[in-house]
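These notes are about the structure you will find just below.
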Amino acid sequence: MELDSDVALVKRARDGDYAAFEALFERYRALTFRFAYQMVPRRDDAEDIVQEAFVRAYQNLDKYRDEAKFTTWLLRIVTNLCTDQARMSTRRTALEQQEAAGALDWMTIGSYEDPIQNLEADRRKVALRKALAALPVHHRTIIVLRDIEEREYTEIAEILGCTIGGAKLRVLRARRALKERIAPLLGEEKQ
Amino acid sequence: MRKKIEEELAKLAFGDLSADEASRLELRTQVDPEAAKTFESYRRMKDELQLLGQDVPEDQLSKERLRQAILTRGLKHSEPAIQRMSWIWMPVAAAFIAFGAFYLKGNFPAGGSTSTVVVDKTTAPEPNWLPEVGVVRPPKNDVFVMPETSRSPVVSSSAPTRVAMGGTRKSTRMSGSASRLANDPELPSGAAGLDMFDRSPMSASEPVESPLNFGKSAEPAPAPTIIVIQTETDASTGTLKATEVGDTANVLVGG
């Protein structure tokens with residue numbers, strides 16, 4: 001077992017070595033924040049969720065089973081927290097965020113040289129983010145896991161506590177739901 | 001478009017199909033403009049979702065902030081499983097207690113539920129007396145002061161005696177007066193045997209029934225006399241013979 005492997009760090013943290021847990025935090029904070037940021041509309045909410053996830057992970061290290069990957073276990077905690085957050089968040093919060101994002105649209109630096117292309121790309125990105133935020137949380141979770149974070153189906157199944165076939169089916173449904181939501185935002189006709 | 005075809009196109013766009021399936025579906029998109037449009041919309045969605053994943057700001061988390069949060073929240077120790085599941089044991093414990101109570105009640109003497117009250121036929125309770133609680137305890141020695149001549153080996157000071165539980169203070173006071181009565185030479189000799197705690201003027205020499213024997217008869221009830229009328233007639237009286245028997249053990253009833 002490598003000294004800096006996840007399993008070794010978890011074992012050391014269980015034995016009271018807090019520095020080992022901090023090493024795990026440094027290793028996976030970006031991953032968990034990226035996931036949380038896609039799930040909740042506010043950046044500070046995402047940071048709170050990540051911090052809460054690591055606090056809970058530290059408190060429940062004895063429940064972590066070594067046969068699962070630490071990231072899978074951690075993302076499961078983050079997913080549950082994001083689901084709770086999505087249920088508790090009010091529509092007012094989402095509207096505030098959307099308005100704030102819209103107010104800053106003109107400041108966005110585009111990736112294309114053509115300003116018209118930049119505007120179109122920004123418009124599509126905003127529409128996609130709005131559609132993603134408007135999705136039910138179970139659809140949003142699976143889109144973020146599979147299509148943004150590009151997780152394997154086996155890991156998604158472990159995180160969501162379902163079979164691999166069930167995970168694939170959920171991905172299909174979520175993609176269709178996202179396509180149906182984004183089409184009106186882009187002015188595309190429903191097919 | 002059929003849902004099945006749309007699902008296949010979505011899989012193709014997101015790279016979830018095998019090479020054979022992908023080539024077959026790509027041929028279809030070349031001849032079917034609607035399929036091509038659907039495939040293109042999914043493909044763009046995939047690219048934009050990947051771009052969305054790159055558009056994440058830097059977080060402002062820190063180890064110090066996490067450490068502070070852990071210290072603020074307290075270092076919770078995981079509870080033992082028995083404590084976490086304690087509420088599950090409550091119905092089990094209640095059922096066990098109920099079963100135990102039922103079982104113990106079932107082991108009481110037959111008819112215990114209806115005849116647990118012993119009726120003292122000698123006296124009726126006086127109205128001024130406090131509610132009776134049947135308690136068995138050995139009598140105090142100073143209550144049973146008996147003359148030497150009347151003391152019988154049958155009488156035992158440790159025989160259980162029913163006492164009225166009117167309160168400890170009252171009992172103590174009456175116990176003192178009973179002692180005085182017992183030592184008063186002017187009183188008749190029978191008065192010395194009175195138990196002032198007992199509402200019945202029973203002699204101490206009489207065995208006192210213990211509440212533990214509730215429902216049990218001290219002596220067997222006398223068997224009823226049976227008269228068997230025979231079919232033969234008595235020569236002297238001309239009537240049927242009648243014989244008195246003690247029990248029915250050897251009596252055959254019927255023809």
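Chain lettering (A, B, ...) mirrors the order of the structure tokens, residue numbering begins at 1 for each chain separately, and ligand numbering begins at 1 in order of display.
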Near chain B, 7 Å: chain A residue rows, closest pairs, only C-alpha atoms, as a Markdown table:
```
| residue | atom | partner | partner_atom | distance |
| --- | --- | --- | --- | --- |
| A:Glu22 | CA | B:Lys63 | CA | 6.6 |
| A:Phe33 | CA | B:Asp59 | CA | 7.0 |
| A:Arg34 | CA | B:Val56 | CA | 6.3 |
| A:Glu47 | CA | B:Leu61 | CA | 6.6 |
| A:Gln51 | CA | B:Leu66 | CA | 6.2 |
| A:Val55 | CA | B:Ile70 | CA | 5.8 |
| A:Gln59 | CA | B:Lys76 | CA | 6.0 |
| A:Lys125 | CA | B:Glu48 | CA | 6.8 |
| A:Asp147 | CA | B:Leu49 | CA | 6.5 |
| A:Ile148 | CA | B:Gly53 | CA | 5.2 |
| A:Glu149 | CA | B:Gly53 | CA | 6.9 |
| A:Leu172 | CA | B:Glu7 | CA | 6.7 |
```
Could the residues in this selection be written to a file with N, CA and C atoms, as a PDB file, in the first residue's frame?
```
ATOM      1  N   GLU A  22      -6.130  16.275   6.114  1.00  0.00           N
ATOM      2  CA  GLU A  22      -5.909  17.513   5.373  1.00  0.00           C
ATOM      3  C   GLU A  22      -5.319  17.237   3.988  1.00  0.00           C
ATOM      4  N   PHE A  33     -15.634  20.703  -5.254  1.00  0.00           N
ATOM      5  CA  PHE A  33     -16.180  22.044  -5.484  1.00  0.00           C
ATOM      6  C   PHE A  33     -16.721  22.168  -6.912  1.00  0.00           C
ATOM      7  N   ARG A  34     -16.003  21.600  -7.878  1.00  0.00           N
ATOM      8  CA  ARG A  34     -16.467  21.655  -9.274  1.00  0.00           C
ATOM      9  C   ARG A  34     -17.848  21.005  -9.396  1.00  0.00           C
ATOM     10  N   GLU A  47     -19.298  26.258  -1.818  1.00  0.00           N
ATOM     11  CA  GLU A  47     -18.189  26.170  -0.849  1.00  0.00           C
ATOM     12  C   GLU A  47     -18.680  25.615   0.491  1.00  0.00           C
ATOM     13  N   GLN A  51     -17.351  22.168   2.241  1.00  0.00           N
ATOM     14  CA  GLN A  51     -16.833  22.151   3.617  1.00  0.00           C
ATOM     15  C   GLN A  51     -17.636  21.205   4.499  1.00  0.00           C
ATOM     16  N   VAL A  55     -16.413  17.875   6.551  1.00  0.00           N
ATOM     17  CA  VAL A  55     -16.657  17.722   7.999  1.00  0.00           C
ATOM     18  C   VAL A  55     -17.352  16.389   8.267  1.00  0.00           C
ATOM     19  N   GLN A  59     -16.089  13.075  10.313  1.00  0.00           N
ATOM     20  CA  GLN A  59     -16.829  12.515  11.443  1.00  0.00           C
ATOM     21  C   GLN A  59     -17.225  11.064  11.209  1.00  0.00           C
ATOM     22  N   LYS A 125     -24.584  29.260 -23.579  1.00  0.00           N
ATOM     23  CA  LYS A 125     -24.070  28.830 -22.266  1.00  0.00           C
ATOM     24  C   LYS A 125     -25.025  29.248 -21.145  1.00  0.00           C
ATOM     25  N   ASP A 147     -21.934  13.849 -17.777  1.00  0.00           N
ATOM     26  CA  ASP A 147     -21.614  14.656 -18.955  1.00  0.00           C
ATOM     27  C   ASP A 147     -20.720  15.842 -18.645  1.00  0.00           C
ATOM     28  N   ILE A 148     -20.641  16.249 -17.397  1.00  0.00           N
ATOM     29  CA  ILE A 148     -19.724  17.342 -17.052  1.00  0.00           C
ATOM     30  C   ILE A 148     -18.471  16.777 -16.380  1.00  0.00           C
ATOM     31  N   GLU A 149     -18.681  15.951 -15.362  1.00  0.00           N
ATOM     32  CA  GLU A 149     -17.536  15.363 -14.670  1.00  0.00           C
ATOM     33  C   GLU A 149     -17.018  14.103 -15.364  1.00  0.00           C
ATOM     34  N   LEU A 172     -30.008   8.629 -19.845  1.00  0.00           N
ATOM     35  CA  LEU A 172     -30.808   8.868 -21.058  1.00  0.00           C
ATOM     36  C   LEU A 172     -31.981   9.803 -20.767  1.00  0.00           C
TER      37      LEU A 172
END
```
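Remark: for Arg87 in chain A, the closest of the candidate residues A:Met39, A:Leu75, A:Leu128, A:Ala53 is A:Met39 (distances computed over only C-alpha atoms).
When only C-alpha atoms are used to compute distances to Ala19 in chain A, the closest of the residues A:Lys69, A:Arg42, A:His138, A:Tyr58 turns out to be A:Tyr58.
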Among range 10-176 of chain A, which residues carry a DSSP assignment of alpha helix (DSSP H), reported as number ranges by chain? A: 10-14, 18-39, 43-59, 70-88, 91-103, 115-134, 137-143, 153-160, 164-176
